[in-house]
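Peer 1: Take a look at structure02.csv, CSV, C-alpha atoms:
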chain,number,residue,atom,x,y,z
L,1071,MET,CA,0.0,0.0,0.0
L,1072,ASP,CA,1.5,3.4,-0.9
L,1073,ARG,CA,2.0,6.1,1.7
L,1074,ASN,CA,-0.7,8.4,0.2
L,1075,LYS,CA,-3.3,5.7,0.6
L,1076,ILE,CA,-2.1,5.0,4.1
L,1077,ASN,CA,-2.2,8.7,5.0
L,1078,THR,CA,-5.8,8.9,3.7
L,1079,ILE,CA,-6.7,5.8,5.8
L,1080,ILE,CA,-5.1,7.4,8.9
L,1081,LEU,CA,-7.0,10.6,8.5
L,1082,ASP,CA,-10.3,8.9,7.7
L,1083,THR,CA,-9.8,6.7,10.8
L,1084,ALA,CA,-9.0,9.6,13.0
L,1085,ILE,CA,-12.0,11.6,11.8
L,1086,GLU,CA,-14.2,8.5,12.5
L,1087,VAL,CA,-12.9,8.3,16.1
L,1088,HIS,CA,-13.1,12.0,16.6
L,1089,ASN,CA,-16.7,12.2,15.3
L,1090,TYR,CA,-17.7,9.4,17.6
L,1091,LEU,CA,-15.9,10.6,20.8
L,1092,GLY,CA,-15.5,14.3,20.3
L,1093,PRO,CA,-12.8,16.3,22.1
L,1094,GLY,CA,-12.2,16.0,25.8
L,1095,MET,CA,-11.1,12.4,26.3
L,1096,VAL,CA,-7.6,11.4,27.4
L,1097,GLU,CA,-4.9,10.3,24.9
L,1098,PHE,CA,-5.1,6.7,25.9
L,1099,VAL,CA,-8.8,6.5,25.0
L,1100,TYR,CA,-8.2,8.0,21.6
L,1101,ARG,CA,-5.2,5.8,20.9
L,1102,THR,CA,-7.1,2.7,21.9
L,1103,CYS,CA,-10.1,3.6,19.7
L,1104,PHE,CA,-7.9,4.6,16.8
L,1105,CYS,CA,-6.2,1.2,16.9
L,1106,LYS,CA,-9.5,-0.6,17.2
L,1107,GLU,CA,-10.8,1.3,14.2
L,1108,LEU,CA,-7.6,0.4,12.2
L,1109,SER,CA,-8.3,-3.2,13.1
L,1110,ILE,CA,-11.9,-3.0,12.0
L,1111,ARG,CA,-10.7,-1.6,8.7
L,1112,GLY,CA,-8.1,-4.4,8.3
L,1113,VAL,CA,-5.1,-2.1,8.5
L,1114,ASN,CA,-1.8,-3.5,9.8
L,1115,PHE,CA,-0.2,-1.5,12.7
L,1116,GLN,CA,2.0,-1.8,15.7
L,1117,ARG,CA,1.8,0.0,19.0
L,1118,ASN,CA,4.7,1.2,21.2
L,1119,VAL,CA,7.4,0.4,18.6
L,1120,THR,CA,10.9,0.5,20.1
L,1121,VAL,CA,13.5,2.1,17.9
L,1122,PRO,CA,17.2,1.9,18.8
L,1123,VAL,CA,19.2,5.1,19.1
L,1124,ILE,CA,22.3,5.2,16.9
L,1125,TYR,CA,24.8,7.9,17.6
L,1126,LYS,CA,27.8,8.2,15.2
L,1127,ASN,CA,27.2,4.6,14.0
L,1128,ILE,CA,27.2,3.3,17.6
L,1129,GLU,CA,24.0,1.7,19.0
L,1130,LEU,CA,23.5,3.2,22.4
L,1131,ASP,CA,21.8,1.7,25.5
L,1132,ALA,CA,18.8,3.9,24.8
L,1133,GLU,CA,15.6,3.6,23.0
L,1134,PHE,CA,13.0,5.7,21.4
L,1135,LYS,CA,9.3,4.8,21.4
L,1136,ILE,CA,6.9,5.3,18.5
L,1137,ASP,CA,3.2,5.5,19.4
L,1138,ILE,CA,1.8,3.7,16.4
L,1139,LEU,CA,3.4,2.5,13.1
L,1140,VAL,CA,0.8,2.0,10.3
L,1141,GLU,CA,1.5,-0.5,7.6
L,1142,ASP,CA,5.2,-0.4,8.5
L,1143,GLU,CA,5.3,2.9,6.7
L,1144,VAL,CA,3.8,5.9,8.6
L,1145,ILE,CA,4.5,6.9,12.2
L,1146,VAL,CA,1.5,8.2,14.1
L,1147,GLU,CA,1.5,10.1,17.3
L,1148,ILE,CA,-1.8,10.8,19.1
L,1149,ILE,CA,-2.2,13.6,21.5
L,1150,ALA,CA,-5.1,15.4,23.2
L,1151,GLU,CA,-3.7,18.8,24.3
L,1152,ASP,CA,-4.3,22.5,23.9
L,1153,SER,CA,-0.7,23.4,24.5
L,1154,ASN,CA,2.1,24.2,22.1
L,1155,LEU,CA,2.6,21.4,19.6
L,1156,ASN,CA,6.2,22.2,18.7
L,1157,ALA,CA,7.6,19.6,21.1
L,1158,HIS,CA,5.4,16.9,19.5
L,1159,GLU,CA,6.4,17.9,16.0
L,1160,ALA,CA,10.1,17.9,17.1
L,1161,ARG,CA,9.6,14.4,18.5
L,1162,LEU,CA,8.2,13.2,15.2
L,1163,HIS,CA,11.1,14.8,13.3
L,1164,SER,CA,13.4,12.8,15.6
L,1165,ALA,CA,11.5,9.6,15.0
L,1166,LEU,CA,11.9,10.1,11.2
L,1167,LYS,CA,15.6,10.7,11.7
L,1168,LEU,CA,16.1,7.5,13.8
L,1169,THR,CA,14.1,5.3,11.3
L,1170,ASP,CA,14.0,4.7,7.6
L,1171,LYS,CA,10.4,6.0,7.5
L,1172,LYS,CA,9.6,9.0,5.4
L,1173,VAL,CA,6.3,10.2,6.8
L,1174,ALA,CA,4.9,10.9,10.3
L,1175,VAL,CA,1.5,12.2,11.3
L,1176,LEU,CA,0.5,14.1,14.4
L,1177,LEU,CA,-3.2,13.8,15.5
L,1178,ASN,CA,-4.4,16.1,18.1
L,1179,PHE,CA,-7.9,15.0,19.2
L,1180,GLN,CA,-8.4,18.0,21.5
L,1181,SER,CA,-9.2,20.1,18.4
L,1182,SER,CA,-12.8,20.8,17.8
L,1183,ARG,CA,-12.4,19.7,14.2
L,1184,LEU,CA,-9.9,16.8,13.8
L,1185,ILE,CA,-8.6,18.3,10.5
L,1186,ASP,CA,-7.3,21.3,12.5
L,1187,GLY,CA,-5.4,18.8,14.7
L,1188,TYR,CA,-3.8,17.0,11.9
L,1189,LYS,CA,-0.2,17.6,10.9
L,1190,LYS,CA,1.8,15.6,8.3
L,1191,ILE,CA,5.5,15.7,8.7
L,1192,THR,CA,7.9,14.4,6.1
L,1193,LYS,CA,11.6,13.5,6.3
L,1194,ASN,CA,13.9,16.2,5.1
L,1195,LEU,CA,15.7,14.5,2.3
L,1196,HIS,CA,18.3,17.3,1.9
Spell out the structure here as structure tokens.
Peer 2:
Amino acid sequence: MDRNKINTIILDTAIEVHNYLGPGMVEFVYRTCFCKELSIRGVNFQRNVTVPVIYKNIELDAEFKIDILVEDEVIVEIIAEDSNLNAHEARLHSALKLTDKKVAVLLNFQSSRLIDGYKKITKNLH
């Protein structure tokens, strides 16, 4: 499945969950419902994916966790906050840097409209 189709599925799934629950729940509830909806749709995903930290070609005794990896292609982080989203975007940039993935998606379910809480981040290839 190509990344554009995966991205569309992620957004459609998130909108479905947001329409059903609305804003105001905690992240864990949104994450659980999002994953259940992916399962219902027959989409492959992994939760809490551990990524090794490589520094100057040396694997460190440290790890980085990815919330959800969809179809082994797109990293998804789910939040439910009103605060500044820069830290979450930076975290996704780091996830892309540590992996061979090209796309990450931030979903903020606290937004009154899910589309306003959606942010696609791509790996800087330069």
Peer 1: Looking at all atoms listed in the file, which of L:Ser1182, L:Ser1109, L:Ser1164, L:Thr1192 is the one that sits closest to L:Ile1124?
Peer 2: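 Smallest distance to L:Ile1124 is found for L:Ser1164.
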Peer 1: Could you give me, as JSON lines, a per-residue list for stretch 1104-1152 of chain L showing, wherever an atom lies at most 9 Å from an atom of stretch 1160-1163 of chain L, the closest pair of atoms and their distance in Å to one decimal, using all atoms listed in the file and sorting by chain then residue number from low to high?
Peer 2:
{"residue": "L:Ile1136", "atom": "CA", "partner": "L:Leu1162", "partner_atom": "CA", "distance": 8.7}
{"residue": "L:Ile1145", "atom": "CA", "partner": "L:Leu1162", "partner_atom": "CA", "distance": 7.9}
{"residue": "L:Val1146", "atom": "CA", "partner": "L:Leu1162", "partner_atom": "CA", "distance": 8.4}
{"residue": "L:Glu1147", "atom": "CA", "partner": "L:Leu1162", "partner_atom": "CA", "distance": 7.7}
Peer 1: Pull C-alpha atoms from the residues just selected and write them as an mmCIF file, in the frame of the given file.
Peer 2:
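The resulting file, out-v3.cif, is shown below:
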data_model
loop_
_atom_site.group_PDB
_atom_site.id
_atom_site.type_symbol
_atom_site.label_atom_id
_atom_site.label_comp_id
_atom_site.auth_asym_id
_atom_site.auth_seq_id
_atom_site.Cartn_x
_atom_site.Cartn_y
_atom_site.Cartn_z
ATOM 1 C CA ILE L 1136 6.900 5.300 18.500
ATOM 2 C CA ILE L 1145 4.500 6.900 12.200
ATOM 3 C CA VAL L 1146 1.500 8.200 14.100
ATOM 4 C CA GLU L 1147 1.500 10.100 17.300
#
Peer 1: Can you tell me which residues surround L:Lys1106 at a distance of at most 12 Å, considering all atoms listed in the file, apart from same-chain residues fewer than 2 positions away, and format the answer as a PyMOL selection string?
Peer 2: chain L and resi 1083-1084+1086-1087+1099-1104+1108-1117
Peer 1: Find the distance between atom CA of L:Asp1082 and atom CA of L:Asp1170 and write it in Å to one decimal.
Peer 2: 24.7 Å
Peer 1: Which residues come within 9 Å of stretch 1071-1078 of chain L, counting only C-alpha atoms, excluding same-chain residues fewer than 6 positions away, as a ChimeraX atom specification?
Peer 2: /L:1113,1140-1141,1143-1144,1172-1173,1175,1190
Peer 1: Pick the closest to L:Ala1150 from L:Ile1128, L:Leu1177, L:Leu1168, L:Ile1138: which is it, counting only C-alpha atoms?
Peer 2: L:Leu1177
Peer 1: Would you kindly identify which residues have an atom no farther than 6 Å from (-14.6, 15.2, 13.0), using only C-alpha atoms and the file's own coordinates, and write them out as a ChimeraX atom specification?
Peer 2: /L:1085,1088-1089,1183-1184
Peer 1: If you count all atoms listed in the file, which residues fall within 7 Å of L:Pro1093, apart from same-chain ones fewer than 6 positions away, as a list in words?
Peer 2: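 Those residues are Phe1179, Gln1180, Ser1181 and Ser1182 of chain L.
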Peer 1: May I ask which of the residues L:Asp1131, L:Glu1097, L:Asp1152, L:Asp1137 is the closest one to L:Gly1187, counting only C-alpha atoms?
Peer 2: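 Among L:Asp1131, L:Glu1097, L:Asp1152, L:Asp1137, it is L:Asp1152 that comes nearest to L:Gly1187.
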Peer 1: When you draw a straight line from atom CA of L:Glu1151 to atom CA of L:Asn1178, how long is it in Å?
Peer 2: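 Taking atom CA of L:Glu1151 and atom CA of L:Asn1178, their separation equals 6.8 Å.
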